[in-house]
Amino acid sequence: MRLGVLDVGSNTVHLVMVDARRGGHPTPMSDTKSTMKLVEYLDDDNDLSKKGIDKLTGYVAEAKGLVDQMRCEEMISFATSAVRDARNSDHVLDHVEKETGIRLEILSGEDEARLTFLAVRRWYGWSAGRIVNLDIGGGSLELTSGTDEDPDAAYSLLLGAGRLTHEWF
């Protein structure tokens with residue numbers, strides 16, 4: 001099965017397409033990343049501006065076109081900190097879906113931390129023992145620690161590099 005995964009972050013938008021089969025290693029088919037800096041389009045009320053919404057919508061439409069072109073059978077699309085924390089996130093999600101047919105799912109901060117931890121665990125394997133992972137993104141910082149596939153502790157803080165730069169400089 002060919003699968004597309006769209007990750008809308010606060011700083012970048014990442015589209016990965018793989019050939020996947022249950023229990024097997026996914027074979028990468030395409031990997032594109034674009035700097036969007038959505039966190040810079042949050043206003044003083046924490047609303048994502050029209051310009052930010054339009055930029056996001058355009059990229060999601062472009063990603064959908066690539067997924068269709070590569071004949072993906074399924075597309076998983078999610079958004080993290082900038083969209084998750086925007087006061088008008090429901091409006092943003094509705095607009096993107098209306099214009100593109102793609103409904104972005106909001107990934108909670110804790111789920112973002114847990115999935116990042118799982119990826120690190122899978123990368124380094126069991127022999128790595130206890131893992132302490134800090135993932136500094138554009139809008140948030142995820143902190144996790146544990147010895148298994150599920151971390152013992154998982155936190156998400158509004159301390160992303162892009163967010164702090166935007167707010168303080």
# chains A, B, ... in the order shown; residues from 1 in each chain; ligands from 1
$ residues_around --residues "Gly138 of chain A" --least-positions-apart "2" --cutoff "6 Å" --atoms "only C-alpha atoms" --output "list in words"
Ser10, Asn11, Gly160, Ala161 and Gly162 of chain A
$ residues_around --residues "Arg2 of chain A" --least-positions-apart "3" --cutoff "6 Å" --atoms "only C-alpha atoms" --output "ChimeraX atom specification"
/A:18-19,72-73
$ select_by_dssp --residues "segment 10-160 of chain A" --states "strand (DSSP E)" --output "MDAnalysis selection string"
chainID A and resid 12:19 27:35 74:79 105:106 131:136 141:146 153:157
$ write_last_selection --atoms "N, CA and C atoms" --output "compact mmCIF listing (two decimals), in the first residue's frame"
# COMPACT_ATOMS: atom_id res chain seq x y z
N THR A 12 7.80 24.02 9.73
CA THR A 12 7.88 23.33 8.45
C THR A 12 6.65 22.46 8.21
N VAL A 13 6.45 22.15 6.95
CA VAL A 13 5.43 21.19 6.54
C VAL A 13 6.17 20.09 5.80
N HIS A 14 5.92 18.85 6.21
CA HIS A 14 6.68 17.71 5.73
C HIS A 14 5.73 16.68 5.13
N LEU A 15 5.98 16.28 3.90
CA LEU A 15 5.19 15.26 3.22
C LEU A 15 6.11 14.09 2.88
N VAL A 16 5.76 12.92 3.41
CA VAL A 16 6.50 11.70 3.13
C VAL A 16 5.54 10.70 2.50
N MET A 17 6.00 10.04 1.44
CA MET A 17 5.21 8.97 0.82
C MET A 17 6.05 7.70 0.84
N VAL A 18 5.43 6.60 1.29
CA VAL A 18 6.13 5.33 1.42
C VAL A 18 5.27 4.20 0.88
N ASP A 19 5.94 3.14 0.47
CA ASP A 19 5.25 1.88 0.22
C ASP A 19 5.36 1.10 1.51
N THR A 27 9.18 1.48 2.50
CA THR A 27 10.12 1.90 1.46
C THR A 27 9.79 3.33 1.07
N PRO A 28 10.71 4.27 1.33
CA PRO A 28 10.44 5.67 0.99
C PRO A 28 10.30 5.85 -0.53
N MET A 29 9.29 6.63 -0.92
CA MET A 29 9.07 6.92 -2.34
C MET A 29 9.30 8.40 -2.64
N SER A 30 8.99 9.24 -1.66
CA SER A 30 9.14 10.68 -1.85
C SER A 30 9.19 11.34 -0.48
N ASP A 31 9.98 12.40 -0.38
CA ASP A 31 10.13 13.11 0.89
C ASP A 31 10.35 14.58 0.57
N THR A 32 9.37 15.42 0.91
CA THR A 32 9.50 16.86 0.64
C THR A 32 9.22 17.64 1.91
N LYS A 33 9.95 18.71 2.08
CA LYS A 33 9.79 19.55 3.26
C LYS A 33 9.82 20.99 2.80
N SER A 34 8.95 21.80 3.38
CA SER A 34 8.87 23.21 3.02
C SER A 34 8.81 24.04 4.30
N THR A 35 9.56 25.13 4.32
CA THR A 35 9.52 26.05 5.45
C THR A 35 8.31 26.95 5.29
N GLU A 74 -3.80 6.06 0.63
CA GLU A 74 -4.27 6.72 1.84
C GLU A 74 -3.34 7.88 2.17
N MET A 75 -3.93 8.91 2.79
CA MET A 75 -3.14 10.04 3.24
C MET A 75 -3.50 10.34 4.68
N ILE A 76 -2.50 10.38 5.52
CA ILE A 76 -2.67 10.75 6.93
C ILE A 76 -2.16 12.18 7.06
N SER A 77 -3.01 13.07 7.56
CA SER A 77 -2.65 14.48 7.64
C SER A 77 -2.90 14.99 9.06
N PHE A 78 -1.87 15.60 9.63
CA PHE A 78 -2.04 16.12 10.98
C PHE A 78 -1.30 17.44 11.14
N ALA A 79 -1.74 18.19 12.14
CA ALA A 79 -1.14 19.48 12.46
C ALA A 79 -0.74 19.49 13.93
N GLU A 105 -5.94 16.58 11.09
CA GLU A 105 -6.24 16.17 12.46
C GLU A 105 -5.26 16.89 13.38
N ILE A 106 -5.75 17.38 14.49
CA ILE A 106 -4.88 18.02 15.47
C ILE A 106 -4.24 16.94 16.33
N ILE A 131 15.75 6.11 27.35
CA ILE A 131 15.92 7.25 26.44
C ILE A 131 15.31 8.48 27.09
N VAL A 132 16.03 9.57 27.05
CA VAL A 132 15.51 10.88 27.39
C VAL A 132 15.56 11.68 26.09
N ASN A 133 14.41 12.13 25.64
CA ASN A 133 14.34 12.80 24.34
C ASN A 133 13.79 14.21 24.50
N LEU A 134 14.47 15.17 23.89
CA LEU A 134 14.01 16.56 23.82
C LEU A 134 13.87 16.89 22.35
N ASP A 135 12.67 17.22 21.92
CA ASP A 135 12.39 17.55 20.53
C ASP A 135 11.97 19.02 20.46
N ILE A 136 12.88 19.87 20.00
CA ILE A 136 12.59 21.29 19.91
C ILE A 136 12.07 21.58 18.51
N LEU A 141 8.13 22.38 22.55
CA LEU A 141 9.23 21.52 22.99
C LEU A 141 8.58 20.29 23.60
N GLU A 142 8.93 19.10 23.08
CA GLU A 142 8.42 17.86 23.63
C GLU A 142 9.53 17.18 24.43
N LEU A 143 9.18 16.75 25.63
CA LEU A 143 10.11 16.07 26.53
C LEU A 143 9.55 14.70 26.85
N THR A 144 10.35 13.66 26.65
CA THR A 144 9.91 12.30 26.95
C THR A 144 11.06 11.51 27.56
N SER A 145 10.69 10.47 28.30
CA SER A 145 11.68 9.58 28.88
C SER A 145 11.04 8.24 29.11
N GLY A 146 11.82 7.16 28.88
CA GLY A 146 11.29 5.83 29.15
C GLY A 146 12.21 4.74 28.65
N ALA A 153 7.12 9.25 30.83
CA ALA A 153 6.71 10.65 30.98
C ALA A 153 6.72 11.30 29.60
N ALA A 154 5.70 12.11 29.32
CA ALA A 154 5.61 12.82 28.03
C ALA A 154 4.99 14.19 28.26
N TYR A 155 5.72 15.23 27.89
CA TYR A 155 5.27 16.60 28.09
C TYR A 155 5.47 17.41 26.82
N SER A 156 4.61 18.40 26.64
CA SER A 156 4.75 19.34 25.54
C SER A 156 4.62 20.75 26.12
N LEU A 157 5.59 21.59 25.83
CA LEU A 157 5.62 22.95 26.36
C LEU A 157 5.68 23.95 25.20
$ atom_distance --atom1 "atom CA of Gly9 of chain A" --atom2 "atom CA of Arg84 of chain A"
9.7 Å
$ closest_residue --among "A:Arg103, A:Arg71, A:Leu48, A:Thr80" --to "Met1 of chain A" --atoms "only C-alpha atoms"
A:Arg71
$ select_by_dssp --residues "segment 58-139 of chain A" --states "alpha helix (DSSP H)" --output "PyMOL selection string"
chain A and resi 58-69+81-85+89-100+109-124
$ write_last_selection --atoms "N, CA and C atoms" --output "short mmCIF file (atom, residue, chain, number, x, y, z; two decimals), in the first residue's frame"
data_model
loop_
_atom_site.label_atom_id
_atom_site.label_comp_id
_atom_site.auth_asym_id
_atom_site.auth_seq_id
_atom_site.Cartn_x
_atom_site.Cartn_y
_atom_site.Cartn_z
N GLY A 58 -2.77 26.48 0.57
CA GLY A 58 -2.05 26.27 -0.69
C GLY A 58 -1.10 25.09 -0.61
N TYR A 59 -0.40 24.97 0.50
CA TYR A 59 0.53 23.85 0.63
C TYR A 59 -0.20 22.53 0.74
N VAL A 60 -1.31 22.49 1.48
CA VAL A 60 -2.07 21.25 1.62
C VAL A 60 -2.61 20.83 0.24
N ALA A 61 -3.08 21.80 -0.55
CA ALA A 61 -3.56 21.49 -1.90
C ALA A 61 -2.42 20.93 -2.76
N GLU A 62 -1.25 21.52 -2.64
CA GLU A 62 -0.08 21.03 -3.38
C GLU A 62 0.28 19.60 -2.95
N ALA A 63 0.25 19.36 -1.64
CA ALA A 63 0.55 18.02 -1.12
C ALA A 63 -0.47 17.01 -1.62
N LYS A 64 -1.74 17.39 -1.64
CA LYS A 64 -2.79 16.49 -2.13
C LYS A 64 -2.53 16.14 -3.59
N GLY A 65 -2.11 17.13 -4.37
CA GLY A 65 -1.78 16.87 -5.78
C GLY A 65 -0.64 15.87 -5.93
N LEU A 66 0.39 16.00 -5.11
CA LEU A 66 1.52 15.07 -5.15
C LEU A 66 1.10 13.67 -4.72
N VAL A 67 0.27 13.59 -3.69
CA VAL A 67 -0.23 12.30 -3.21
C VAL A 67 -1.06 11.62 -4.31
N ASP A 68 -1.91 12.39 -4.98
CA ASP A 68 -2.71 11.84 -6.08
C ASP A 68 -1.81 11.40 -7.24
N GLN A 69 -0.82 12.21 -7.56
CA GLN A 69 0.11 11.91 -8.65
C GLN A 69 0.90 10.63 -8.37
N SER A 81 1.63 22.19 16.85
CA SER A 81 1.53 23.34 17.75
C SER A 81 0.87 24.60 17.21
N ALA A 82 1.31 25.14 16.09
CA ALA A 82 0.77 26.43 15.63
C ALA A 82 -0.73 26.35 15.37
N VAL A 83 -1.18 25.30 14.70
CA VAL A 83 -2.61 25.14 14.43
C VAL A 83 -3.33 24.70 15.70
N ARG A 84 -2.74 23.78 16.44
CA ARG A 84 -3.34 23.28 17.68
C ARG A 84 -3.62 24.41 18.67
N ASP A 85 -2.68 25.34 18.78
CA ASP A 85 -2.79 26.39 19.78
C ASP A 85 -3.47 27.66 19.28
N SER A 89 -8.46 27.70 15.49
CA SER A 89 -8.07 26.44 14.84
C SER A 89 -9.24 25.74 14.14
N ASP A 90 -10.43 25.79 14.71
CA ASP A 90 -11.58 25.15 14.05
C ASP A 90 -11.86 25.80 12.70
N HIS A 91 -11.79 27.11 12.64
CA HIS A 91 -11.98 27.83 11.38
C HIS A 91 -10.88 27.45 10.38
N VAL A 92 -9.64 27.36 10.85
CA VAL A 92 -8.51 27.00 9.97
C VAL A 92 -8.74 25.61 9.39
N LEU A 93 -9.09 24.65 10.24
CA LEU A 93 -9.30 23.27 9.78
C LEU A 93 -10.47 23.19 8.80
N ASP A 94 -11.57 23.91 9.09
CA ASP A 94 -12.72 23.92 8.20
C ASP A 94 -12.37 24.52 6.84
N HIS A 95 -11.61 25.61 6.84
CA HIS A 95 -11.22 26.28 5.59
C HIS A 95 -10.34 25.38 4.73
N VAL A 96 -9.34 24.76 5.36
CA VAL A 96 -8.45 23.87 4.62
C VAL A 96 -9.24 22.72 4.02
N GLU A 97 -10.15 22.14 4.80
CA GLU A 97 -10.94 21.02 4.30
C GLU A 97 -11.85 21.45 3.16
N LYS A 98 -12.50 22.61 3.29
CA LYS A 98 -13.41 23.09 2.25
C LYS A 98 -12.66 23.31 0.93
N GLU A 99 -11.46 23.87 1.02
CA GLU A 99 -10.70 24.20 -0.19
C GLU A 99 -9.94 23.03 -0.79
N THR A 100 -9.56 22.04 0.03
CA THR A 100 -8.69 20.97 -0.46
C THR A 100 -9.29 19.57 -0.38
N GLY A 109 -0.35 17.79 22.17
CA GLY A 109 1.05 17.90 22.54
C GLY A 109 1.60 16.61 23.12
N GLU A 110 0.82 15.96 23.96
CA GLU A 110 1.26 14.69 24.55
C GLU A 110 1.41 13.61 23.49
N ASP A 111 0.46 13.54 22.54
CA ASP A 111 0.57 12.55 21.46
C ASP A 111 1.77 12.85 20.58
N GLU A 112 2.03 14.12 20.32
CA GLU A 112 3.21 14.49 19.54
C GLU A 112 4.48 14.01 20.26
N ALA A 113 4.54 14.22 21.55
CA ALA A 113 5.70 13.77 22.33
C ALA A 113 5.83 12.25 22.29
N ARG A 114 4.72 11.54 22.47
CA ARG A 114 4.75 10.08 22.48
C ARG A 114 5.17 9.50 21.11
N LEU A 115 4.66 10.07 20.03
CA LEU A 115 5.02 9.57 18.70
C LEU A 115 6.49 9.85 18.38
N THR A 116 6.98 11.00 18.81
CA THR A 116 8.40 11.30 18.61
C THR A 116 9.25 10.31 19.40
N PHE A 117 8.84 10.02 20.62
CA PHE A 117 9.57 9.05 21.44
C PHE A 117 9.59 7.68 20.77
N LEU A 118 8.44 7.26 20.23
CA LEU A 118 8.36 5.97 19.55
C LEU A 118 9.33 5.92 18.37
N ALA A 119 9.40 7.01 17.60
CA ALA A 119 10.32 7.06 16.45
C ALA A 119 11.77 6.94 16.92
N VAL A 120 12.10 7.62 18.00
CA VAL A 120 13.46 7.55 18.53
C VAL A 120 13.76 6.13 19.02
N ARG A 121 12.80 5.53 19.72
CA ARG A 121 12.98 4.15 20.20
C ARG A 121 13.21 3.21 19.03
N ARG A 122 12.39 3.33 18.00
CA ARG A 122 12.54 2.44 16.83
C ARG A 122 13.88 2.66 16.13
N TRP A 123 14.34 3.90 16.12
CA TRP A 123 15.61 4.24 15.46
C TRP A 123 16.80 3.63 16.22
N TYR A 124 16.82 3.81 17.53
CA TYR A 124 17.97 3.37 18.33
C TYR A 124 17.85 1.95 18.85
#
